[in-house]
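Raw contents of start.pdb, PDB, C-alpha atoms:
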```pdb
ATOM      1  CA  LEU X 561     103.450  61.140 -73.635
ATOM      2  CA  THR X 562     102.060  60.004 -70.322
ATOM      3  CA  MET X 563     102.000  56.702 -68.464
ATOM      4  CA  GLU X 564     100.019  55.679 -65.398
ATOM      5  CA  PHE X 565     100.933  53.588 -62.409
ATOM      6  CA  ALA X 566      97.347  52.382 -62.223
ATOM      7  CA  GLN X 567      97.659  49.180 -60.180
ATOM      8  CA  LYS X 568      97.393  49.612 -56.416
ATOM      9  CA  LEU X 569      99.076  47.875 -53.507
ATOM     10  CA  PRO X 570      97.040  47.047 -50.361
ATOM     11  CA  SER X 571      99.181  49.577 -48.483
ATOM     12  CA  LYS X 572     102.118  51.922 -49.054
ATOM     13  CA  ILE X 573     105.730  50.701 -48.981
ATOM     14  CA  ALA X 574     107.214  51.259 -45.520
ATOM     15  CA  HIS X 575     110.631  49.708 -46.193
ATOM     16  CA  SER X 576     112.362  48.129 -49.168
ATOM     17  CA  SER X 577     115.484  46.066 -49.814
ATOM     18  CA  ARG X 578     116.934  44.048 -52.682
ATOM     19  CA  ASN X 579     114.995  40.974 -51.523
ATOM     20  CA  GLY X 580     111.565  42.498 -51.001
ATOM     21  CA  ALA X 581     109.518  45.279 -49.480
ATOM     22  CA  VAL X 582     107.394  45.523 -46.360
ATOM     23  CA  LEU X 583     104.185  47.518 -46.648
ATOM     24  CA  ALA X 584     102.728  49.770 -43.953
ATOM     25  CA  ASN X 585     100.169  47.049 -43.105
ATOM     26  CA  ASN X 586     103.087  44.557 -42.612
ATOM     27  CA  ASP X 587     102.427  42.615 -45.824
ATOM     28  CA  VAL X 588     105.636  41.329 -47.439
ATOM     29  CA  LEU X 589     106.064  42.039 -51.143
ATOM     30  CA  ASP X 590     108.566  39.434 -52.333
ATOM     31  CA  ASN X 591     111.061  39.584 -55.210
ATOM     32  CA  LYS X 592     108.469  38.120 -57.589
ATOM     33  CA  GLY X 593     106.037  40.912 -56.773
ATOM     34  CA  GLU X 594     103.717  38.623 -54.788
ATOM     35  CA  ILE X 595     102.176  39.167 -51.379
ATOM     36  CA  LEU X 596     101.880  35.835 -49.572
ATOM     37  CA  LEU X 597     103.019  36.693 -46.040
ATOM     38  CA  THR X 598     102.144  39.219 -43.338
ATOM     39  CA  ILE X 599     104.744  39.718 -40.608
ATOM     40  CA  LYS X 600     104.403  40.995 -37.038
ATOM     41  CA  PRO X 601     105.430  44.587 -36.201
ATOM     42  CA  ASN X 602     108.625  43.489 -34.394
ATOM     43  CA  GLN X 603     109.759  41.265 -37.269
ATOM     44  CA  LYS X 604     112.109  42.089 -40.154
ATOM     45  CA  PHE X 605     111.834  40.330 -43.516
ATOM     46  CA  LEU X 606     115.243  39.165 -44.742
ATOM     47  CA  ALA X 607     114.857  36.618 -47.537
ATOM     48  CA  LYS X 608     112.689  34.042 -49.254
ATOM     49  CA  SER X 609     113.643  30.643 -50.653
ATOM     50  CA  GLY X 610     110.906  28.586 -52.306
ATOM     51  CA  GLU X 611     107.994  28.621 -49.861
ATOM     52  CA  LYS X 612     110.171  29.505 -46.854
ATOM     53  CA  TYR X 613     110.677  33.001 -45.447
ATOM     54  CA  LEU X 614     113.594  34.139 -43.303
ATOM     55  CA  LEU X 615     112.714  36.742 -40.665
ATOM     56  CA  GLN X 616     114.410  38.289 -37.656
ATOM     57  CA  GLU X 617     112.647  39.210 -34.422
ATOM     58  CA  GLY X 618     114.069  42.468 -33.162
ATOM     59  CA  CYS X 619     117.821  41.935 -33.298
ATOM     60  CA  LYS X 620     117.524  38.489 -31.805
ATOM     61  CA  ASN X 621     116.164  35.203 -33.107
ATOM     62  CA  LEU X 622     116.155  34.217 -36.767
ATOM     63  CA  LEU X 623     112.872  32.649 -37.801
ATOM     64  CA  ILE X 624     112.061  30.452 -40.759
ATOM     65  CA  VAL X 625     108.317  30.428 -41.400
ATOM     66  CA  ASP X 626     105.856  29.465 -44.100
ATOM     67  CA  SER X 627     103.280  31.833 -45.599
ATOM     68  CA  LYS X 628     100.836  31.133 -42.733
ATOM     69  CA  GLN X 629     103.475  32.265 -40.208
ATOM     70  CA  GLU X 630     103.796  28.652 -39.048
ATOM     71  CA  SER X 631     107.237  28.378 -37.485
ATOM     72  CA  LEU X 632     109.578  25.940 -39.206
ATOM     73  CA  GLN X 633     112.756  26.899 -37.316
ATOM     74  CA  ASP X 634     113.728  29.291 -34.527
ATOM     75  CA  ILE X 635     117.464  29.990 -34.361
ATOM     76  CA  PRO X 636     119.057  32.034 -31.549
ATOM     77  CA  PHE X 637     121.045  34.991 -32.912
ATOM     78  CA  ASP X 638     121.917  38.247 -31.158
ATOM     79  CA  LYS X 639     123.082  40.625 -33.896
ATOM     80  CA  CYS X 640     121.036  42.856 -36.204
ATOM     81  CA  VAL X 641     121.132  41.417 -39.722
ATOM     82  CA  ALA X 642     121.780  43.741 -42.683
ATOM     83  CA  SER X 643     121.235  41.108 -45.403
ATOM     84  CA  ALA X 644     120.844  37.348 -45.624
ATOM     85  CA  THR X 645     120.268  34.437 -47.987
ATOM     86  CA  LEU X 646     118.555  31.147 -47.203
ATOM     87  CA  SER X 647     119.705  28.069 -49.127
ATOM     88  CA  GLY X 648     118.891  24.496 -48.132
ATOM     89  CA  ASN X 649     120.144  23.950 -44.579
ATOM     90  CA  LEU X 650     122.281  27.113 -44.529
ATOM     91  CA  ILE X 651     121.819  30.816 -43.835
ATOM     92  CA  ALA X 652     124.540  33.180 -45.075
ATOM     93  CA  LEU X 653     124.306  36.669 -43.625
ATOM     94  CA  VAL X 654     125.979  40.024 -43.085
ATOM     95  CA  SER X 655     125.289  41.804 -39.794
ATOM     96  CA  VAL X 656     124.974  45.586 -39.418
ATOM     97  CA  GLU X 657     128.265  45.436 -37.473
ATOM     98  CA  ASN X 658     129.849  44.155 -40.721
ATOM     99  CA  ALA X 659     130.395  40.588 -39.584
ATOM    100  CA  ILE X 660     129.740  37.743 -42.011
ATOM    101  CA  ALA X 661     128.344  34.441 -40.768
ATOM    102  CA  LEU X 662     127.210  31.054 -41.989
ATOM    103  CA  ILE X 663     124.576  29.272 -39.923
ATOM    104  CA  ASP X 664     123.669  25.596 -39.933
ATOM    105  CA  ILE X 665     119.882  25.600 -39.578
ATOM    106  CA  SER X 666     119.409  22.070 -38.175
ATOM    107  CA  ALA X 667     122.237  22.458 -35.651
ATOM    108  CA  LYS X 668     121.061  26.024 -34.859
ATOM    109  CA  LYS X 669     124.616  27.316 -34.677
ATOM    110  CA  GLU X 670     127.179  29.417 -36.523
ATOM    111  CA  ILE X 671     129.646  27.233 -38.416
ATOM    112  CA  PHE X 672     131.659  30.204 -39.651
ATOM    113  CA  THR X 673     131.930  33.851 -38.678
ATOM    114  CA  GLN X 674     134.351  36.692 -39.375
ATOM    115  CA  LYS X 675     134.243  40.285 -38.153
ATOM    116  CA  LEU X 676     135.253  42.948 -40.677
ATOM    117  CA  SER X 677     135.959  46.682 -40.368
ATOM    118  CA  SER X 678     133.297  48.808 -38.699
ATOM    119  CA  VAL X 679     131.270  51.100 -40.947
ATOM    120  CA  ILE X 680     129.509  54.404 -40.294
ATOM    121  CA  ALA X 681     126.914  54.670 -43.070
ATOM    122  CA  ILE X 682     125.748  52.414 -45.898
ATOM    123  CA  ASN X 683     123.849  52.755 -49.162
ATOM    124  CA  SER X 684     120.313  51.316 -48.891
ATOM    125  CA  LEU X 685     120.840  49.120 -51.984
ATOM    126  CA  ASN X 686     122.437  46.472 -49.826
ATOM    127  CA  VAL X 687     122.903  43.073 -51.471
ATOM    128  CA  SER X 688     122.740  39.601 -49.952
ATOM    129  CA  PRO X 689     125.265  36.743 -50.109
ATOM    130  CA  ILE X 690     125.166  34.463 -53.172
ATOM    131  CA  PHE X 691     125.403  30.666 -53.102
ATOM    132  CA  ASP X 692     127.306  29.651 -56.237
ATOM    133  CA  ARG X 693     128.104  25.921 -56.575
ATOM    134  CA  ASN X 694     130.637  25.094 -53.822
ATOM    135  CA  THR X 695     131.203  28.718 -52.833
ATOM    136  CA  ILE X 696     129.348  31.453 -50.993
ATOM    137  CA  ILE X 697     130.122  35.053 -51.970
ATOM    138  CA  PHE X 698     129.682  37.453 -49.046
ATOM    139  CA  PRO X 699     129.246  41.178 -49.876
ATOM    140  CA  SER X 700     130.680  43.284 -47.069
ATOM    141  CA  LEU X 701     129.617  46.699 -45.836
ATOM    142  CA  ASP X 702     133.157  48.063 -46.243
ATOM    143  CA  GLY X 703     133.609  47.583 -49.987
ATOM    144  CA  ARG X 704     134.838  44.009 -50.397
ATOM    145  CA  ILE X 705     133.633  40.561 -51.343
ATOM    146  CA  LEU X 706     134.747  37.435 -49.518
ATOM    147  CA  ILE X 707     134.528  34.018 -51.136
ATOM    148  CA  TYR X 708     133.931  31.089 -48.795
ATOM    149  CA  ASN X 709     134.522  27.513 -49.944
ATOM    150  CA  THR X 710     131.926  25.105 -48.539
ATOM    151  CA  ASN X 711     134.280  22.125 -49.011
ATOM    152  CA  THR X 712     137.349  23.527 -47.273
ATOM    153  CA  LYS X 713     135.193  25.649 -44.925
ATOM    154  CA  ASN X 714     137.311  28.775 -45.130
ATOM    155  CA  ILE X 715     137.650  32.090 -46.978
ATOM    156  CA  THR X 716     139.626  31.489 -50.177
ATOM    157  CA  LYS X 717     139.517  35.066 -51.505
ATOM    158  CA  ASP X 718     139.094  38.492 -49.934
ATOM    159  CA  ILE X 719     138.784  41.074 -52.715
ATOM    160  CA  LEU X 720     138.734  44.806 -51.984
ATOM    161  CA  ILE X 721     136.545  46.658 -54.502
ATOM    162  CA  GLN X 722     136.695  50.189 -53.077
ATOM    163  CA  SER X 723     138.069  51.689 -49.874
ATOM    164  CA  ASP X 724     135.929  54.780 -49.193
ATOM    165  CA  LYS X 725     134.909  55.341 -45.558
ATOM    166  CA  PHE X 726     131.236  56.186 -46.161
ATOM    167  CA  PHE X 727     128.509  54.484 -48.237
ATOM    168  CA  ASN X 728     131.002  51.913 -49.443
ATOM    169  CA  ASN X 729     128.957  48.739 -49.121
ATOM    170  CA  ILE X 730     128.473  46.389 -52.050
ATOM    171  CA  ILE X 731     125.330  47.483 -53.936
ATOM    172  CA  TYR X 732     125.384  44.863 -56.698
ATOM    173  CA  LEU X 733     126.543  41.259 -56.927
ATOM    174  CA  TYR X 734     126.215  38.781 -59.781
ATOM    175  CA  ALA X 735     127.901  35.405 -60.205
ATOM    176  CA  HIS X 736     127.698  32.926 -63.070
ATOM    177  CA  GLU X 737     130.232  30.208 -63.877
ATOM    178  CA  ASN X 738     133.650  31.943 -63.847
ATOM    179  CA  LEU X 739     132.281  35.490 -63.859
ATOM    180  CA  ILE X 740     131.640  37.729 -60.862
ATOM    181  CA  ILE X 741     130.348  41.281 -61.309
ATOM    182  CA  THR X 742     130.142  43.446 -58.216
ATOM    183  CA  ALA X 743     130.002  47.134 -57.354
ATOM    184  CA  THR X 744     130.005  49.823 -54.724
ATOM    185  CA  GLN X 745     128.370  53.122 -55.618
ATOM    186  CA  LYS X 746     131.738  54.371 -56.960
ATOM    187  CA  ARG X 747     133.394  51.350 -58.595
ATOM    188  CA  ILE X 748     132.253  48.372 -60.674
ATOM    189  CA  SER X 749     134.548  45.334 -60.762
ATOM    190  CA  THR X 750     134.464  42.259 -62.967
ATOM    191  CA  ILE X 751     136.428  39.189 -61.907
ATOM    192  CA  LEU X 752     136.945  36.692 -64.743
ATOM    193  CA  GLY X 753     138.277  33.269 -63.769
ATOM    194  CA  ASN X 754     140.930  33.369 -61.074
ATOM    195  CA  ASN X 755     143.031  36.363 -61.908
ATOM    196  CA  LYS X 756     141.592  38.788 -64.460
ATOM    197  CA  THR X 757     140.027  41.874 -62.867
ATOM    198  CA  PHE X 758     138.559  44.909 -64.639
ATOM    199  CA  ASN X 759     137.383  48.120 -62.944
ATOM    200  CA  TYR X 760     135.108  50.946 -64.049
ATOM    201  CA  ASP X 761     134.878  54.049 -61.838
ATOM    202  CA  GLY X 762     132.102  56.616 -61.585
ATOM    203  CA  ASN X 763     129.032  57.346 -59.482
ATOM    204  CA  PHE X 764     126.352  54.694 -59.825
ATOM    205  CA  ASN X 765     122.732  54.396 -58.707
ATOM    206  CA  ASP X 766     122.035  50.832 -59.823
ATOM    207  CA  MET X 767     122.835  48.182 -62.439
ATOM    208  CA  LEU X 768     121.604  44.915 -63.956
ATOM    209  CA  VAL X 769     123.180  42.083 -65.948
ATOM    210  CA  TYR X 770     121.101  41.356 -69.062
ATOM    211  CA  ASN X 771     122.031  39.258 -72.104
ATOM    212  CA  ASN X 772     125.717  39.133 -71.178
ATOM    213  CA  ARG X 773     125.858  42.917 -70.841
ATOM    214  CA  LEU X 774     125.863  45.170 -67.789
ATOM    215  CA  LEU X 775     123.305  47.991 -67.870
ATOM    216  CA  VAL X 776     124.256  50.810 -65.504
ATOM    217  CA  LEU X 777     122.367  53.828 -64.143
ATOM    218  CA  SER X 778     124.835  56.590 -63.306
ATOM    219  CA  SER X 779     124.068  59.337 -60.816
ATOM    220  CA  ASP X 780     124.516  62.018 -63.495
ATOM    221  CA  GLY X 781     121.631  60.714 -65.631
ATOM    222  CA  LYS X 782     123.417  58.318 -67.975
ATOM    223  CA  ILE X 783     122.302  54.805 -68.883
ATOM    224  CA  ILE X 784     125.453  52.919 -69.900
ATOM    225  CA  GLU X 785     125.950  49.500 -71.472
ATOM    226  CA  LEU X 786     129.221  47.699 -70.600
ATOM    227  CA  ASP X 787     130.626  44.344 -71.677
ATOM    228  CA  ASN X 788     132.146  41.789 -69.258
ATOM    229  CA  THR X 789     135.498  43.585 -69.338
ATOM    230  CA  LEU X 790     133.640  46.805 -68.442
ATOM    231  CA  LYS X 791     134.312  48.383 -71.802
ATOM    232  CA  PRO X 792     131.594  50.985 -72.559
ATOM    233  CA  LEU X 793     129.548  49.976 -75.584
ATOM    234  CA  ARG X 794     126.653  52.435 -75.699
ATOM    235  CA  GLU X 795     125.072  55.114 -73.557
ATOM    236  CA  THR X 796     122.183  57.520 -73.463
ATOM    237  CA  ASN X 797     122.514  60.772 -71.542
ATOM    238  CA  LEU X 798     119.451  62.160 -69.748
ATOM    239  CA  GLU X 799     120.963  65.291 -68.236
ATOM    240  CA  TYR X 800     119.811  66.118 -64.683
ATOM    241  CA  ALA X 801     117.814  62.875 -64.407
ATOM    242  CA  LYS X 802     117.940  61.094 -61.027
ATOM    243  CA  LEU X 803     117.460  57.490 -62.074
ATOM    244  CA  ALA X 804     116.241  54.712 -59.808
ATOM    245  CA  SER X 805     115.059  51.124 -60.441
ATOM    246  CA  ILE X 806     115.951  49.088 -63.517
ATOM    247  CA  VAL X 807     113.599  46.644 -65.232
ATOM    248  CA  VAL X 808     114.213  45.019 -68.618
ATOM    249  CA  LYS X 809     111.247  43.495 -70.400
ATOM    250  CA  GLU X 810     110.908  42.476 -74.067
ATOM    251  CA  GLY X 811     113.978  44.380 -75.205
ATOM    252  CA  LYS X 812     113.159  47.596 -73.354
ATOM    253  CA  LEU X 813     114.721  49.043 -70.217
ATOM    254  CA  TYR X 814     112.474  50.948 -67.797
ATOM    255  CA  THR X 815     113.641  53.286 -65.047
ATOM    256  CA  LEU X 816     112.150  56.138 -63.009
ATOM    257  CA  ASP X 817     113.427  59.711 -63.035
ATOM    258  CA  ARG X 818     112.386  60.779 -59.546
ATOM    259  CA  HIS X 819     108.576  60.867 -59.354
ATOM    260  CA  LYS X 820     107.994  62.796 -62.588
ATOM    261  CA  HIS X 821     109.128  60.624 -65.506
ATOM    262  CA  LEU X 822     109.323  57.017 -66.615
ATOM    263  CA  ILE X 823     112.185  56.398 -69.057
ATOM    264  CA  GLU X 824     111.851  53.637 -71.651
ATOM    265  CA  VAL X 825     115.026  52.729 -73.581
ATOM    266  CA  TYR X 826     114.933  50.448 -76.637
ATOM    267  CA  LEU X 827     117.968  48.218 -76.189
ATOM    268  CA  GLN X 828     118.210  47.625 -79.939
ATOM    269  CA  ASN X 829     119.209  51.228 -80.649
ATOM    270  CA  PHE X 830     119.533  52.698 -77.109
ATOM    271  CA  GLU X 831     117.018  55.428 -77.938
ATOM    272  CA  PRO X 832     114.988  56.711 -74.970
ATOM    273  CA  THR X 833     111.294  57.588 -74.794
ATOM    274  CA  ILE X 834     110.249  59.772 -71.864
ATOM    275  CA  TYR X 835     106.792  59.457 -70.313
ATOM    276  CA  LYS X 836     105.297  61.888 -67.823
ATOM    277  CA  ILE X 837     103.976  60.290 -64.638
ATOM    278  CA  LYS X 838     102.319  61.692 -61.539
ATOM    279  CA  LEU X 839     103.652  60.208 -58.321
ATOM    280  CA  PRO X 840     104.244  61.685 -54.856
ATOM    281  CA  ALA X 841     107.779  62.926 -54.159
ATOM    282  CA  LYS X 842     110.490  61.050 -52.228
ATOM    283  CA  LYS X 843     108.759  57.735 -51.539
ATOM    284  CA  TYR X 844     110.058  54.173 -51.374
ATOM    285  CA  ILE X 845     110.783  52.292 -54.601
ATOM    286  CA  PHE X 846     110.979  48.550 -55.095
ATOM    287  CA  TYR X 847     111.285  46.639 -58.343
ATOM    288  CA  THR X 848     111.219  43.074 -59.618
ATOM    289  CA  ASN X 849     112.185  41.604 -63.007
ATOM    290  CA  ASP X 850     108.940  42.902 -64.557
ATOM    291  CA  SER X 851     107.468  45.611 -62.294
ATOM    292  CA  ILE X 852     108.238  48.914 -60.579
ATOM    293  CA  PHE X 853     106.496  49.584 -57.253
ATOM    294  CA  TYR X 854     106.399  53.147 -55.937
ATOM    295  CA  ASP X 855     104.754  54.158 -52.662
ATOM    296  CA  GLY X 856     101.318  52.480 -52.926
ATOM    297  CA  VAL X 857     101.067  51.880 -56.679
ATOM    298  CA  TYR X 858     102.886  49.882 -59.347
ATOM    299  CA  LYS X 859     103.336  49.287 -63.042
ATOM    300  CA  ARG X 860     103.830  45.809 -64.538
ATOM    301  CA  PHE X 861     105.560  45.815 -67.922
TER
END
```

Let me see the structure of the file written as structure tokens.
Amino acid sequence: LTMEFAQKLPSKIAHSSRNGAVLANNDVLDNKGEILLTIKPNQKFLAKSGEKYLLQEGCKNLLIVDSKQESLQDIPFDKCVASATLSGNLIALVSVENAIALIDISAKKEIFTQKLSSVIAINSLNVSPIFDRNTIIFPSLDGRILIYNTNTKNITKDILIQSDKFFNNIIYLYAHENLIITATQKRISTILGNNKTFNYDGNFNDMLVYNNRLLVLSSDGKIIELDNTLKPLRETNLEYAKLASIVVKEGKLYTLDRHKHLIEVYLQNFEPTIYKIKLPAKKYIFYTNDSIFYDGVYKRF
């Protein structure tokens, strides 16, 4: 069985993050798989909210622009940003120095900041803060999540997920009602309500919450389904596979095994189908809720 990545991007992917990808021609591919903005060479794409884009110029000013690069706000800031989220009049961010900050856009100033432990190296699947009702969940680069209350304006919880020295940043973060699911590349944690915590250890490439289940790609080629207490329900073992990207569409999970195979797993019975693909080796991957983008081509499911 073969499958083609027949649709082409205007240019190859030069950089990718959880929030989007920047192509070699400086087009921004957003998390819906759309290209509506072209940035300047010295700009970094951080986030999108509605029709607004959050950029950083060098490691200085934060810019909020529309798709025509018309400036909506210019906010002085002198630290390199690792990840950020734009919501209403607020920017929540994590700097590469592992400081978290909350910025009031209209006042153009930080209303909260906290420096955390220095880090040496991080996993590229770096997640952004989440705005969840009256809280903001900050994912740190040193394996913890910090929960900030927007009413009391302080950190109400500081939860250590994993304490490794290298590649210990948070690579996944999900919040809904009283459930938080988060992970480093070696530990998944579920926090239910105020005090129930469940952990699941291993080596993980990526994961996705779908239909009240957590679908996990392990680094040893397993696709695992966990419930909210992180109890394993089902798994399929693709020995020696190096899995990356995770898209679920119409009851099927899709993931890439390097540049040679596309794996399709029927979630009804967890049976895999393996398709041969022809893609160049070791290129950038980006995915949305219905597409996988690889180098200069993509497949929409």

Which residues, written as a JSON list (two decimals) with C-alpha atoms, in the coordinates of the input, have at least one atom at most 10 Å from Gly781 in chain X, with all atoms listed in the file counted and residues fewer than 2 positions away on the same chain left out?
```
[["chain", "number", "residue", "atom", "x", "y", "z"],
["X", 764, "PHE", "CA", 126.35, 54.69, -59.82],
["X", 765, "ASN", "CA", 122.73, 54.40, -58.71],
["X", 777, "LEU", "CA", 122.37, 53.83, -64.14],
["X", 778, "SER", "CA", 124.84, 56.59, -63.31],
["X", 779, "SER", "CA", 124.07, 59.34, -60.82],
["X", 783, "ILE", "CA", 122.30, 54.80, -68.88],
["X", 784, "ILE", "CA", 125.45, 52.92, -69.90],
["X", 796, "THR", "CA", 122.18, 57.52, -73.46],
["X", 797, "ASN", "CA", 122.51, 60.77, -71.54],
["X", 798, "LEU", "CA", 119.45, 62.16, -69.75],
["X", 799, "GLU", "CA", 120.96, 65.29, -68.24],
["X", 800, "TYR", "CA", 119.81, 66.12, -64.68],
["X", 801, "ALA", "CA", 117.81, 62.88, -64.41],
["X", 802, "LYS", "CA", 117.94, 61.09, -61.03],
["X", 803, "LEU", "CA", 117.46, 57.49, -62.07],
["X", 804, "ALA", "CA", 116.24, 54.71, -59.81],
["X", 817, "ASP", "CA", 113.43, 59.71, -63.04]]
```

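The spacing separating CA of Leu752 in chain X from CA of Glu737 in chain X amounts to 9.4 Å.
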
Exercise: range 698-703 of chain X partners within 6 Å, only C-alpha atoms, chain neighbours under 2 positions left out, as number ranges by chain: X: 658, 689, 705-706, 721-722, 728-730

Given the PyMOL selection byres ((chain X and resi 746) around 7), the residues it picks as a count of residues only: 7

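With distances restricted to all atoms listed in the file, X:Ser805 is the closest residue to Ile852 in chain X from X:Ser805, X:Thr673, X:Asn709, X:Asn759.
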
Among listed residues X:Leu569, X:Ala574, X:Ile834, X:Ile690, nearest Tyr814 in chain X (using all atoms listed in the file):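 Ranked by minimum distance to Tyr814 in chain X, first place goes to X:Ile834.
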
Nearest to Val582 in chain X by atom-to-atom distance, counting only C-alpha atoms, from X:Ile845, X:Leu646, X:Val656, X:Leu561: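 Answer, going by the shortest atom-to-atom distance: X:Ile845.
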